[in-house]
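As provided, start-v8.csv (CSV, C-alpha atoms) reads as follows.
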```csv
chain,number,residue,atom,x,y,z
A,12,MET,CA,0.0,0.0,0.0
A,13,ASP,CA,1.1,3.5,-0.7
A,14,PRO,CA,2.5,5.0,2.5
A,15,TYR,CA,0.4,8.1,2.0
A,16,LEU,CA,-2.8,6.1,1.5
A,17,TYR,CA,-1.9,4.0,4.5
A,18,GLU,CA,-1.5,7.0,6.7
A,19,GLU,CA,-4.7,8.6,5.4
A,20,SER,CA,-6.6,5.4,6.2
A,21,ARG,CA,-5.1,5.3,9.7
A,22,GLN,CA,-6.1,8.9,10.3
A,23,ARG,CA,-9.6,8.2,9.0
A,24,MET,CA,-9.9,5.5,11.7
A,25,ALA,CA,-8.7,7.9,14.3
A,26,ARG,CA,-11.3,10.4,13.2
A,27,LEU,CA,-13.9,7.6,13.4
A,28,ALA,CA,-12.9,7.0,17.0
A,29,ARG,CA,-13.2,10.7,17.7
A,30,ASN,CA,-16.7,10.8,16.1
A,31,PHE,CA,-17.8,7.9,18.2
A,32,GLY,CA,-16.5,9.6,21.3
A,33,ILE,CA,-18.3,12.8,20.5
A,34,ALA,CA,-21.5,10.9,19.8
A,35,ALA,CA,-21.2,9.3,23.3
A,36,LEU,CA,-20.8,12.8,24.8
A,37,VAL,CA,-23.7,14.3,22.9
A,38,CYS,CA,-25.9,11.3,23.7
A,39,SER,CA,-25.0,11.6,27.4
A,40,PHE,CA,-26.4,15.2,27.4
A,41,MET,CA,-29.4,14.4,25.3
A,42,PHE,CA,-30.5,10.9,26.4
A,43,GLY,CA,-29.0,10.4,29.8
A,44,SER,CA,-31.3,7.5,30.5
A,45,LEU,CA,-30.1,5.5,27.6
A,46,PHE,CA,-26.8,4.8,29.3
A,47,PHE,CA,-26.1,1.7,27.3
A,48,VAL,CA,-26.0,3.7,24.1
A,49,VAL,CA,-23.5,6.2,25.6
A,50,ILE,CA,-21.4,3.4,27.0
A,51,GLY,CA,-21.6,1.6,23.6
A,52,PHE,CA,-20.4,4.6,21.7
A,53,ALA,CA,-17.6,5.2,24.3
A,54,CYS,CA,-16.4,1.6,24.1
A,55,LEU,CA,-16.4,1.8,20.3
A,56,SER,CA,-14.4,5.0,20.4
A,57,VAL,CA,-11.8,3.3,22.7
A,58,LEU,CA,-11.7,0.2,20.6
A,59,ILE,CA,-11.2,2.0,17.3
A,60,ALA,CA,-8.7,4.3,18.8
A,61,PHE,CA,-6.6,1.4,19.8
A,62,LEU,CA,-7.0,-0.3,16.5
A,63,SER,CA,-6.1,2.9,14.6
A,64,LYS,CA,-2.6,2.9,16.2
A,65,GLY,CA,-1.3,0.6,13.5
A,66,LYS,CA,2.4,0.2,14.2
A,67,LYS,CA,2.7,3.6,15.9
A,68,PRO,CA,3.5,3.4,19.6
A,69,ARG,CA,1.1,6.2,20.4
A,70,ILE,CA,-2.6,6.9,19.7
A,71,ASP,CA,-3.3,9.9,17.4
A,72,ASN,CA,-4.6,13.1,18.9
A,73,ALA,CA,-8.0,12.8,17.2
A,74,ALA,CA,-8.5,9.4,18.6
A,75,LYS,CA,-7.4,10.6,22.1
A,76,VAL,CA,-10.0,13.3,21.9
A,77,GLY,CA,-12.6,10.7,21.0
A,78,MET,CA,-11.5,8.5,24.0
A,79,ALA,CA,-11.6,11.5,26.3
A,80,ALA,CA,-15.1,12.6,25.1
A,81,GLY,CA,-16.3,9.0,25.4
A,82,LEU,CA,-15.0,8.7,28.9
A,83,LEU,CA,-16.5,12.1,29.8
A,84,GLY,CA,-19.9,11.0,28.3
A,85,THR,CA,-19.8,7.8,30.3
A,86,VAL,CA,-19.0,9.6,33.6
A,87,ILE,CA,-21.8,12.1,32.9
A,88,THR,CA,-24.3,9.3,32.2
A,89,LEU,CA,-23.2,7.2,35.2
A,90,ALA,CA,-23.4,10.4,37.4
A,91,MET,CA,-26.9,11.1,36.1
A,92,LEU,CA,-28.0,7.5,36.7
A,93,GLY,CA,-26.5,7.5,40.1
A,94,ASN,CA,-28.2,10.8,41.0
A,95,THR,CA,-31.6,9.5,39.8
A,96,VAL,CA,-31.2,6.2,41.8
A,97,TYR,CA,-30.1,8.2,44.9
A,98,LYS,CA,-33.0,10.6,44.6
A,99,LEU,CA,-35.4,7.7,44.2
A,100,TYR,CA,-34.1,6.2,47.4
A,101,ASN,CA,-34.0,9.3,49.5
A,102,ASP,CA,-36.4,11.9,48.1
A,103,ALA,CA,-40.0,10.9,48.6
A,104,ASP,CA,-41.5,13.8,46.6
A,105,TYR,CA,-39.3,12.9,43.6
A,106,ARG,CA,-40.2,9.3,43.9
A,107,ASN,CA,-43.9,10.1,44.1
A,108,ASN,CA,-43.6,12.4,41.0
A,109,VAL,CA,-41.9,9.6,39.0
A,110,ILE,CA,-44.6,7.1,40.1
A,111,GLU,CA,-47.4,9.5,39.2
A,112,THR,CA,-46.0,10.2,35.8
A,113,SER,CA,-45.2,6.6,35.1
A,114,GLU,CA,-48.7,5.6,36.3
A,115,LYS,CA,-50.3,8.1,33.9
A,116,MET,CA,-48.2,6.9,30.9
A,117,TYR,CA,-47.8,3.2,31.4
A,118,GLY,CA,-50.1,2.3,34.4
A,119,ASP,CA,-52.7,0.2,32.6
A,120,MET,CA,-50.2,-1.5,30.3
A,121,TYR,CA,-47.9,-2.4,33.2
A,122,ARG,CA,-50.9,-3.8,35.3
A,123,GLU,CA,-52.0,-5.9,32.3
A,124,LEU,CA,-48.5,-7.3,31.7
A,125,TYR,CA,-47.3,-7.9,35.2
A,126,GLY,CA,-50.5,-7.9,37.3
A,127,ILE,CA,-49.2,-5.3,39.8
A,128,ASP,CA,-49.1,-1.5,40.0
A,129,ILE,CA,-46.0,0.5,39.0
A,130,ALA,CA,-46.1,2.1,42.5
A,131,GLU,CA,-45.8,-1.3,44.1
A,132,THR,CA,-42.7,-2.2,42.0
A,133,PHE,CA,-41.1,1.2,42.7
A,134,ASN,CA,-41.7,0.9,46.4
A,135,ASN,CA,-40.4,-2.6,46.5
A,136,PHE,CA,-37.2,-1.5,44.9
A,137,PHE,CA,-36.7,1.9,46.6
A,138,GLY,CA,-38.2,1.2,50.0
A,139,GLY,CA,-41.0,3.8,50.0
A,140,LYS,CA,-44.5,3.3,51.4
A,141,LYS,CA,-47.5,2.7,49.3
B,25,MET,CA,14.8,-24.3,24.3
B,26,ASN,CA,11.7,-22.2,24.9
B,27,GLU,CA,12.4,-18.5,24.7
B,28,TYR,CA,9.7,-16.0,25.6
B,29,LYS,CA,8.9,-13.7,22.8
B,30,PRO,CA,6.5,-10.8,23.4
B,31,ILE,CA,3.2,-10.8,21.4
B,32,ARG,CA,3.3,-7.1,20.9
B,33,PRO,CA,5.0,-7.2,17.5
B,34,LEU,CA,2.2,-9.6,16.3
B,35,LYS,CA,-0.5,-7.3,17.5
B,36,GLU,CA,1.2,-4.3,16.0
B,37,ALA,CA,1.5,-6.1,12.7
B,38,ALA,CA,-2.1,-7.2,12.8
B,39,ARG,CA,-3.3,-3.7,13.5
B,40,ALA,CA,-1.2,-2.3,10.7
B,41,GLN,CA,-2.2,-4.9,8.2
B,42,LEU,CA,-5.9,-4.2,8.8
B,43,ILE,CA,-5.6,-0.4,8.3
B,44,GLY,CA,-7.6,0.4,5.2
B,45,ARG,CA,-8.8,-3.2,4.9
B,46,TYR,CA,-11.7,-3.2,7.4
B,47,GLY,CA,-13.9,-2.4,4.4
B,48,ILE,CA,-13.5,-5.9,3.1
B,49,ALA,CA,-12.8,-7.7,6.4
B,50,ILE,CA,-16.0,-6.7,8.1
B,51,PRO,CA,-18.3,-7.7,5.2
B,52,ALA,CA,-16.5,-11.1,5.0
B,53,ILE,CA,-17.1,-11.6,8.8
B,54,LEU,CA,-20.7,-10.4,8.5
B,55,MET,CA,-21.4,-12.8,5.6
B,56,ILE,CA,-20.1,-15.8,7.5
B,57,ALA,CA,-22.1,-14.8,10.6
B,58,ALA,CA,-25.2,-14.3,8.5
B,59,ILE,CA,-24.9,-17.7,6.8
B,60,GLN,CA,-24.3,-19.4,10.2
B,61,PHE,CA,-27.3,-17.6,11.8
B,62,ILE,CA,-29.6,-18.4,8.9
B,63,THR,CA,-28.7,-22.1,8.8
B,64,MET,CA,-29.1,-22.4,12.6
B,65,LEU,CA,-32.5,-20.6,12.3
B,66,LEU,CA,-33.6,-23.0,9.6
B,67,SER,CA,-32.5,-26.1,11.6
B,68,ASP,CA,-34.5,-24.7,14.6
B,69,SER,CA,-37.6,-23.9,12.6
B,70,GLY,CA,-38.4,-27.6,11.9
B,71,SER,CA,-38.6,-28.5,15.6
B,72,THR,CA,-42.0,-29.6,16.8
B,73,GLY,CA,-41.1,-30.5,20.3
B,74,SER,CA,-41.1,-34.3,19.8
B,75,VAL,CA,-38.1,-36.5,20.6
B,76,GLY,CA,-37.7,-37.3,16.9
B,77,SER,CA,-37.6,-33.7,15.8
B,78,TYR,CA,-35.2,-32.8,18.6
B,79,LEU,CA,-32.8,-35.6,17.5
B,80,LEU,CA,-33.2,-34.4,13.9
B,81,LYS,CA,-32.4,-30.8,14.9
B,82,TYR,CA,-29.4,-32.0,16.8
B,83,ALA,CA,-28.1,-34.0,13.9
B,84,ILE,CA,-28.7,-31.1,11.5
B,85,SER,CA,-26.8,-28.8,13.8
B,86,LEU,CA,-23.8,-31.2,13.8
B,87,ILE,CA,-23.9,-31.4,10.0
B,88,ILE,CA,-24.0,-27.6,9.8
B,89,ASP,CA,-21.1,-27.4,12.1
B,90,LEU,CA,-19.2,-29.8,9.9
B,91,LEU,CA,-20.0,-27.9,6.7
B,92,MET,CA,-19.0,-24.7,8.4
B,93,GLY,CA,-15.5,-26.0,7.9
B,94,ILE,CA,-15.7,-24.9,4.3
B,95,LEU,CA,-16.4,-21.3,5.3
B,96,ILE,CA,-13.8,-21.4,8.1
B,97,PHE,CA,-11.3,-22.5,5.5
B,98,GLY,CA,-12.3,-19.6,3.2
B,99,LYS,CA,-12.0,-17.2,6.2
B,100,SER,CA,-8.6,-18.5,7.1
B,101,LEU,CA,-7.4,-18.0,3.5
B,102,PHE,CA,-8.9,-14.5,3.4
B,103,PHE,CA,-7.1,-13.4,6.6
B,104,LEU,CA,-3.9,-15.1,5.5
B,105,LYS,CA,-4.0,-12.9,2.4
B,106,ILE,CA,-4.6,-9.9,4.7
B,107,ALA,CA,-1.7,-10.9,6.9
B,108,ARG,CA,0.6,-11.2,3.9
B,109,CYS,CA,-0.7,-7.8,2.7
B,110,GLN,CA,-1.8,-9.3,-0.6
B,111,THR,CA,-3.9,-6.8,-2.4
B,112,ASP,CA,-6.0,-9.5,-4.1
B,113,ALA,CA,-7.9,-10.4,-1.0
B,114,THR,CA,-11.6,-10.1,-1.6
B,115,VAL,CA,-14.8,-11.1,0.1
B,116,LYS,CA,-15.2,-13.8,-2.5
B,117,ASP,CA,-12.3,-15.7,-0.8
B,118,VAL,CA,-14.6,-16.7,2.0
B,119,PHE,CA,-16.4,-19.0,-0.5
B,120,PHE,CA,-13.1,-20.4,-1.9
B,121,GLY,CA,-13.7,-23.7,-0.2
B,122,PHE,CA,-16.9,-24.4,-2.2
B,123,LYS,CA,-14.8,-24.8,-5.3
B,124,ASN,CA,-11.4,-25.9,-4.0
B,125,ASN,CA,-10.6,-28.5,-1.3
B,126,GLY,CA,-14.1,-28.3,0.3
B,127,ASP,CA,-13.9,-32.0,1.1
B,128,LYS,CA,-10.6,-31.6,2.9
B,129,ALA,CA,-12.0,-28.5,4.8
B,130,VAL,CA,-14.9,-30.6,6.0
B,131,LEU,CA,-12.6,-33.4,7.2
B,132,VAL,CA,-10.3,-30.9,8.9
B,133,GLN,CA,-13.3,-29.5,10.8
B,134,LEU,CA,-14.3,-33.1,11.8
B,135,PRO,CA,-12.2,-33.2,15.0
B,136,PHE,CA,-13.8,-30.0,16.2
B,137,THR,CA,-17.3,-31.3,15.4
B,138,ILE,CA,-16.5,-34.6,17.3
B,139,VAL,CA,-15.4,-32.6,20.4
B,140,SER,CA,-18.6,-30.5,20.1
B,141,PHE,CA,-20.6,-33.7,19.8
B,142,LEU,CA,-19.0,-35.4,22.8
B,143,CYS,CA,-19.3,-32.3,25.0
B,144,SER,CA,-23.0,-31.6,24.1
B,145,LEU,CA,-24.1,-35.3,24.3
B,146,PRO,CA,-24.7,-35.2,28.1
B,147,MET,CA,-27.0,-32.2,27.6
B,148,VAL,CA,-28.9,-34.0,24.8
B,149,LEU,CA,-29.4,-37.0,27.1
B,150,ILE,CA,-30.6,-34.7,29.9
B,151,ASN,CA,-33.1,-33.0,27.5
B,152,LEU,CA,-34.4,-36.4,26.4
B,153,GLY,CA,-34.8,-37.5,30.0
B,154,ILE,CA,-32.4,-40.4,29.7
B,155,ILE,CA,-30.2,-38.8,32.4
B,156,PRO,CA,-32.5,-37.5,35.2
B,157,CYS,CA,-31.9,-33.9,36.2
B,158,PRO,CA,-34.1,-31.9,38.6
B,159,THR,CA,-35.6,-28.7,37.1
B,160,ALA,CA,-33.8,-26.6,39.8
B,161,LYS,CA,-30.4,-27.8,38.7
B,162,TYR,CA,-31.1,-27.7,34.9
B,163,PHE,CA,-29.7,-24.2,34.5
B,164,HIS,CA,-26.5,-25.2,36.4
B,165,ALA,CA,-26.1,-28.3,34.1
B,166,VAL,CA,-26.5,-26.1,31.0
B,167,LEU,CA,-23.8,-23.7,32.3
B,168,ILE,CA,-21.4,-26.6,33.3
B,169,PHE,CA,-21.6,-28.5,30.0
B,170,LEU,CA,-21.4,-25.2,28.0
B,171,GLY,CA,-18.2,-24.4,30.0
B,172,ILE,CA,-16.8,-27.9,29.4
B,173,GLN,CA,-17.6,-27.5,25.7
B,174,ILE,CA,-15.8,-24.2,25.4
B,175,VAL,CA,-12.8,-25.4,27.2
B,176,ALA,CA,-12.6,-28.6,25.2
B,177,LEU,CA,-12.9,-26.7,21.9
B,178,PHE,CA,-10.2,-24.3,23.0
B,179,VAL,CA,-7.9,-27.2,23.9
B,180,ALA,CA,-8.6,-28.8,20.5
B,181,ARG,CA,-7.8,-25.4,18.9
B,182,LEU,CA,-4.4,-25.3,20.8
B,183,PHE,CA,-3.5,-28.5,18.9
B,184,LEU,CA,-5.3,-28.2,15.6
B,185,GLY,CA,-5.7,-24.4,15.3
B,186,LEU,CA,-3.4,-24.0,12.4
B,187,SER,CA,-5.0,-26.8,10.2
B,188,PHE,CA,-7.0,-24.5,8.0
B,189,TYR,CA,-4.0,-22.2,7.4
B,190,ILE,CA,-1.9,-25.3,6.4
B,191,LEU,CA,-4.7,-26.4,4.1
B,192,ALA,CA,-4.8,-23.0,2.5
B,193,ASP,CA,-1.0,-22.9,2.1
B,194,ARG,CA,-0.3,-26.5,1.2
B,195,PRO,CA,-3.5,-28.0,-0.4
B,196,ASN,CA,-1.6,-31.0,-1.8
B,197,LEU,CA,-1.2,-32.5,1.8
B,198,SER,CA,-3.7,-35.2,2.9
B,199,VAL,CA,-6.0,-34.5,5.9
B,200,PRO,CA,-4.0,-36.7,8.4
B,201,GLU,CA,-0.8,-34.9,7.2
B,202,ILE,CA,-2.4,-31.5,7.7
B,203,LEU,CA,-3.6,-32.4,11.2
B,204,SER,CA,-0.2,-33.9,12.2
B,205,GLU,CA,1.6,-30.9,10.7
B,206,SER,CA,-0.6,-28.6,12.8
B,207,ILE,CA,0.2,-30.6,16.0
B,208,ARG,CA,3.9,-30.5,15.1
B,209,LEU,CA,3.9,-26.8,14.5
B,210,MET,CA,2.0,-26.2,17.7
B,211,THR,CA,4.6,-28.0,19.8
B,212,ASN,CA,5.9,-25.4,22.4
B,213,LYS,CA,3.6,-22.8,20.9
B,214,LYS,CA,0.4,-23.5,22.8
B,215,GLY,CA,1.3,-21.1,25.6
B,216,ARG,CA,1.9,-18.4,23.1
B,217,LEU,CA,-1.5,-19.0,21.3
B,218,PHE,CA,-3.2,-19.0,24.7
B,219,LEU,CA,-1.6,-15.7,25.5
B,220,ILE,CA,-2.7,-14.3,22.2
B,221,CYS,CA,-6.3,-15.3,22.9
B,222,LEU,CA,-6.0,-13.9,26.4
B,223,SER,CA,-4.7,-10.6,25.0
B,224,VAL,CA,-7.7,-10.2,22.7
B,225,LEU,CA,-10.2,-10.8,25.6
B,226,PRO,CA,-10.3,-7.1,26.8
B,227,PHE,CA,-11.0,-6.1,23.2
B,228,MET,CA,-13.8,-8.6,23.0
B,229,ILE,CA,-15.3,-7.2,26.1
B,230,LEU,CA,-15.0,-3.7,24.7
B,231,GLY,CA,-16.5,-4.9,21.4
B,232,ALA,CA,-19.4,-6.6,23.2
B,233,LEU,CA,-20.1,-3.4,25.2
B,234,GLY,CA,-19.8,-1.4,22.0
B,235,LEU,CA,-23.4,-2.2,21.0
B,236,ILE,CA,-22.2,-5.6,19.7
B,237,PHE,CA,-21.0,-4.0,16.4
B,238,GLY,CA,-17.6,-3.5,18.0
B,239,LEU,CA,-17.1,-7.3,17.8
B,240,LEU,CA,-16.9,-7.0,14.0
B,241,TRP,CA,-13.6,-5.0,14.3
B,242,VAL,CA,-12.4,-7.3,17.1
B,243,GLU,CA,-13.1,-10.4,15.1
B,244,ALA,CA,-11.2,-9.0,12.1
B,245,PHE,CA,-8.3,-8.1,14.4
B,246,TYR,CA,-8.3,-11.5,16.1
B,247,GLN,CA,-8.4,-13.4,12.8
B,248,THR,CA,-5.5,-11.4,11.4
B,249,LEU,CA,-3.6,-12.0,14.6
B,250,LEU,CA,-4.1,-15.7,14.3
B,251,ALA,CA,-2.9,-15.6,10.7
B,252,ASP,CA,0.1,-13.6,11.8
B,253,PHE,CA,0.7,-16.3,14.5
B,254,TYR,CA,0.7,-18.9,11.7
B,255,LEU,CA,3.1,-16.9,9.6
B,256,GLU,CA,5.4,-16.5,12.5
B,257,THR,CA,5.2,-20.2,13.4
B,258,VAL,CA,6.2,-21.3,9.9
B,259,GLY,CA,9.0,-18.8,9.9
B,260,GLU,CA,7.6,-16.4,7.4
B,261,THR,CA,8.2,-12.6,7.8
B,262,LEU,CA,5.0,-10.7,8.9
B,263,GLY,CA,3.5,-8.6,6.2
B,264,ASP,CA,4.2,-4.9,6.3
B,265,PRO,CA,1.4,-2.9,4.5
B,266,VAL,CA,3.6,0.1,3.7
B,267,LYS,CA,6.2,-2.0,2.0
B,268,SER,CA,3.8,-3.9,-0.3
B,269,GLN,CA,3.6,-1.8,-3.5
B,270,ASN,CA,2.8,-4.3,-6.2
B,271,PRO,CA,-0.7,-5.5,-6.7
B,272,GLY,CA,-1.0,-9.2,-5.9
B,273,ASP,CA,2.5,-9.3,-4.5
B,274,GLY,CA,2.9,-10.6,-1.0
B,275,CYS,CA,4.9,-8.2,1.1
B,276,SER,CA,6.5,-10.9,3.2
B,277,THR,CA,9.2,-12.0,0.8
```
Write the structure described by the file as structure tokens, please.
Amino acid sequence: MDPYLYEESRQRMARLARNFGIAALVCSFMFGSLFFVVIGFACLSVLIAFLSKGKKPRIDNAAKVGMAAGLLGTVITLAMLGNTVYKLYNDADYRNNVIETSEKMYGDMYRELYGIDIAETFNNFFGGKK
Amino acid sequence: MNEYKPIRPLKEAARAQLIGRYGIAIPAILMIAAIQFITMLLSDSGSTGSVGSYLLKYAISLIIDLLMGILIFGKSLFFLKIARCQTDATVKDVFFGFKNNGDKAVLVQLPFTIVSFLCSLPMVLINLGIIPCPTAKYFHAVLIFLGIQIVALFVARLFLGLSFYILADRPNLSVPEILSESIRLMTNKKGRLFLICLSVLPFMILGALGLIFGLLWVEAFYQTLLADFYLETVGETLGDPVKSQNPGDGCST
């Protein structure tokens, strides 16, 4: 392969890693609850960044940016998830709001599928009172 | 004497050889996975729940496993070309076994199928009720026998893992010769192959977490790494993509 073409292909991969990382970061802001999408994009960015190294001892800057963005996105998502779980455990008002909203949106379907109320499931998990 | 050689050069070479080639490596992998998935789906669709249909399904799955040898041969040839930086590697190479040495590929796959058969036999007997197993322990039995199967197949691979590459390189050899050559080449190299597989494990976890699609890149990398391992074992220089200038010319010479 032409060395120029090889280097161009390698840098294209590094840019792909950067794009996946940025996608993870953007998704972490926009869809915090879809943590698996954010973690998926972040893992893809890390994986492709490593594979884009070729024979070079170091990862390209573009790929490094992607890895950093992916990592930041993962941290943000996990922090948001942790915060939500923490509030569900400790903040009764917040928990009741979530139960009320969920009941309005999915209450009937949930009862039909599982035979119990959403409130019951929430309270079983997060220790609230019915 | 055994001398420890780091696996980093192999990994670097595999990464470099795949630069600019993922566009053909990933479709090849996808094609094999799709064929495997569809054939398994077809074998499942005929099941009616009776003992006869269960046995038929089991027999068909073993036959499919055996016939997959043809595609594995094609895949080995394809990644061998990538590892040698040959520019004539195409997705069509995956189907090379259908026209050339397909019978040998099936016979080379036979030991792996026998290992699969022997390891899955206890589970079949449990499912048929010949070996009694309480319902509460069924899940444990599935996990245990699956684990045994994976380990047994891995051990078989440590001995016969190079068979398909040998078949691709020296098609004039008979099947017993290919298998014994693989065992001979793997003498004192099993630890190295084990380390190679172990070193790919973190990538596989990353690939699985990467919305499953990541596994496509990892599989391409893993297959190239194995082809590089074969080249190193037979004493061939690893391909350098930057040095290969002429179309169809291996860069390893």
Any chance you could tabulate, as a Markdown table, the residues of chain A at most 7 Å from chain B with each one's nearest atom pair and distance in Å to one decimal, using only C-alpha atoms, in chain and rising number order?
```
| residue | atom | partner | partner_atom | distance |
| --- | --- | --- | --- | --- |
| A:Met12 | CA | B:Val266 | CA | 5.2 |
| A:Asp13 | CA | B:Val266 | CA | 6.1 |
| A:Pro14 | CA | B:Val266 | CA | 5.2 |
| A:Tyr17 | CA | B:Gly44 | CA | 6.8 |
| A:Ser20 | CA | B:Gly44 | CA | 5.2 |
| A:Arg21 | CA | B:Ile43 | CA | 5.9 |
| A:Gly51 | CA | B:Gly234 | CA | 3.8 |
| A:Phe52 | CA | B:Gly234 | CA | 6.0 |
| A:Cys54 | CA | B:Gly234 | CA | 5.0 |
| A:Leu55 | CA | B:Gly234 | CA | 5.0 |
| A:Leu58 | CA | B:Leu230 | CA | 6.6 |
| A:Leu62 | CA | B:Arg39 | CA | 5.9 |
| A:Gly65 | CA | B:Ala40 | CA | 4.0 |
| A:Lys66 | CA | B:Glu36 | CA | 5.0 |
```
In terms of the shortest atom-to-atom distance over only C-alpha atoms, which of A:Asn72, A:Thr85, A:Asn30, A:Gln22 is closest to A:Phe42?
->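 Selected residue with least distance to A:Phe42: A:Thr85.
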Quick one: distance from atom CA of A:Ile50 to atom CA of A:Val76 in Å, one decimal?
->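 Rounded to one decimal, the two atoms are 15.9 Å apart.
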Choose the residue, out of A:Val48, A:Ile70, A:Val96, A:Ala130, that has the smallest atom-to-atom separation from A:Tyr117; count only C-alpha atoms.
->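 Closest residue, counting only C-alpha atoms: A:Ala130.
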Could you jot down the atom CA of A:Ala90 to atom CA of A:Tyr121 separation for me, Å, one decimal place?
->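 Distance between the two atoms: 28.0 Å.
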Which of these residues is nearest to A:Gly84, using all atoms listed in the file: A:Ala28, A:Val37, A:Arg23, A:Leu16?
->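 For A:Gly84, the nearest of the candidates is A:Val37.
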Write out as a PyMOL selection string each polymer residue whose atoms come within 8 Å of A:Leu82, counting all atoms listed in the file; drop sequence neighbours fewer than 3 positions from it.
-> chain A and resi 32+53+78-79+85-86
How many Å lie between atom CA of A:Gly81 and atom CA of B:Ala52, rounded to one decimal?
->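 The value is 28.6 Å.
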Hey, what's within 12 Å of B:Phe97 if we count all atoms listed in the file and toss same-chain stuff fewer than 2 positions away? As a ChimeraX atom specification, please?
-> /B:56,90-95,99-104,117-133,185-193,195
Taking C-alpha atoms for each residue, export the selection above as a compact mmCIF listing (two decimals), in the frame of the given file.
```
# COMPACT_ATOMS: atom_id res chain seq x y z
CA ILE B 56 -20.10 -15.80 7.50
CA LEU B 90 -19.20 -29.80 9.90
CA LEU B 91 -20.00 -27.90 6.70
CA MET B 92 -19.00 -24.70 8.40
CA GLY B 93 -15.50 -26.00 7.90
CA ILE B 94 -15.70 -24.90 4.30
CA LEU B 95 -16.40 -21.30 5.30
CA LYS B 99 -12.00 -17.20 6.20
CA SER B 100 -8.60 -18.50 7.10
CA LEU B 101 -7.40 -18.00 3.50
CA PHE B 102 -8.90 -14.50 3.40
CA PHE B 103 -7.10 -13.40 6.60
CA LEU B 104 -3.90 -15.10 5.50
CA ASP B 117 -12.30 -15.70 -0.80
CA VAL B 118 -14.60 -16.70 2.00
CA PHE B 119 -16.40 -19.00 -0.50
CA PHE B 120 -13.10 -20.40 -1.90
CA GLY B 121 -13.70 -23.70 -0.20
CA PHE B 122 -16.90 -24.40 -2.20
CA LYS B 123 -14.80 -24.80 -5.30
CA ASN B 124 -11.40 -25.90 -4.00
CA ASN B 125 -10.60 -28.50 -1.30
CA GLY B 126 -14.10 -28.30 0.30
CA ASP B 127 -13.90 -32.00 1.10
CA LYS B 128 -10.60 -31.60 2.90
CA ALA B 129 -12.00 -28.50 4.80
CA VAL B 130 -14.90 -30.60 6.00
CA LEU B 131 -12.60 -33.40 7.20
CA VAL B 132 -10.30 -30.90 8.90
CA GLN B 133 -13.30 -29.50 10.80
CA GLY B 185 -5.70 -24.40 15.30
CA LEU B 186 -3.40 -24.00 12.40
CA SER B 187 -5.00 -26.80 10.20
CA PHE B 188 -7.00 -24.50 8.00
CA TYR B 189 -4.00 -22.20 7.40
CA ILE B 190 -1.90 -25.30 6.40
CA LEU B 191 -4.70 -26.40 4.10
CA ALA B 192 -4.80 -23.00 2.50
CA ASP B 193 -1.00 -22.90 2.10
CA PRO B 195 -3.50 -28.00 -0.40
```
May I ask you to restore N, CA and C atoms in stretch 57-68 of chain A and write the result as a PDB file, in the frame of the given file?
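As written to disk, part_10.pdb reads:
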```
ATOM      1  N   VAL A  57     -13.041   3.837  22.147  1.00  0.00           N
ATOM      2  CA  VAL A  57     -11.800   3.300  22.700  1.00  0.00           C
ATOM      3  C   VAL A  57     -11.217   2.213  21.858  1.00  0.00           C
ATOM      4  N   LEU A  58     -12.097   1.316  21.443  1.00  0.00           N
ATOM      5  CA  LEU A  58     -11.700   0.200  20.600  1.00  0.00           C
ATOM      6  C   LEU A  58     -11.041   0.628  19.310  1.00  0.00           C
ATOM      7  N   ILE A  59     -11.736   1.520  18.623  1.00  0.00           N
ATOM      8  CA  ILE A  59     -11.200   2.000  17.300  1.00  0.00           C
ATOM      9  C   ILE A  59      -9.992   2.827  17.465  1.00  0.00           C
ATOM     10  N   ALA A  60      -9.921   3.563  18.580  1.00  0.00           N
ATOM     11  CA  ALA A  60      -8.700   4.300  18.800  1.00  0.00           C
ATOM     12  C   ALA A  60      -7.504   3.426  18.958  1.00  0.00           C
ATOM     13  N   PHE A  61      -7.663   2.309  19.677  1.00  0.00           N
ATOM     14  CA  PHE A  61      -6.600   1.400  19.800  1.00  0.00           C
ATOM     15  C   PHE A  61      -6.200   0.715  18.484  1.00  0.00           C
ATOM     16  N   LEU A  62      -7.236   0.350  17.733  1.00  0.00           N
ATOM     17  CA  LEU A  62      -7.000  -0.300  16.500  1.00  0.00           C
ATOM     18  C   LEU A  62      -6.365   0.634  15.430  1.00  0.00           C
ATOM     19  N   SER A  63      -6.625   1.943  15.612  1.00  0.00           N
ATOM     20  CA  SER A  63      -6.100   2.900  14.600  1.00  0.00           C
ATOM     21  C   SER A  63      -4.623   3.202  14.836  1.00  0.00           C
ATOM     22  N   LYS A  64      -4.057   2.661  15.895  1.00  0.00           N
ATOM     23  CA  LYS A  64      -2.600   2.900  16.200  1.00  0.00           C
ATOM     24  C   LYS A  64      -1.729   2.371  15.062  1.00  0.00           C
ATOM     25  N   GLY A  65      -2.143   1.237  14.498  1.00  0.00           N
ATOM     26  CA  GLY A  65      -1.300   0.600  13.500  1.00  0.00           C
ATOM     27  C   GLY A  65       0.022   0.179  14.204  1.00  0.00           C
ATOM     28  N   LYS A  66       1.148   0.505  13.597  1.00  0.00           N
ATOM     29  CA  LYS A  66       2.400   0.200  14.200  1.00  0.00           C
ATOM     30  C   LYS A  66       2.985   1.305  15.058  1.00  0.00           C
ATOM     31  N   LYS A  67       2.249   2.410  15.094  1.00  0.00           N
ATOM     32  CA  LYS A  67       2.700   3.600  15.900  1.00  0.00           C
ATOM     33  C   LYS A  67       2.639   3.256  17.355  1.00  0.00           C
ATOM     34  N   PRO A  68       3.595   3.733  18.133  1.00  0.00           N
ATOM     35  CA  PRO A  68       3.500   3.400  19.600  1.00  0.00           C
ATOM     36  C   PRO A  68       2.459   4.250  20.296  1.00  0.00           C
TER      37      PRO A  68
END
```
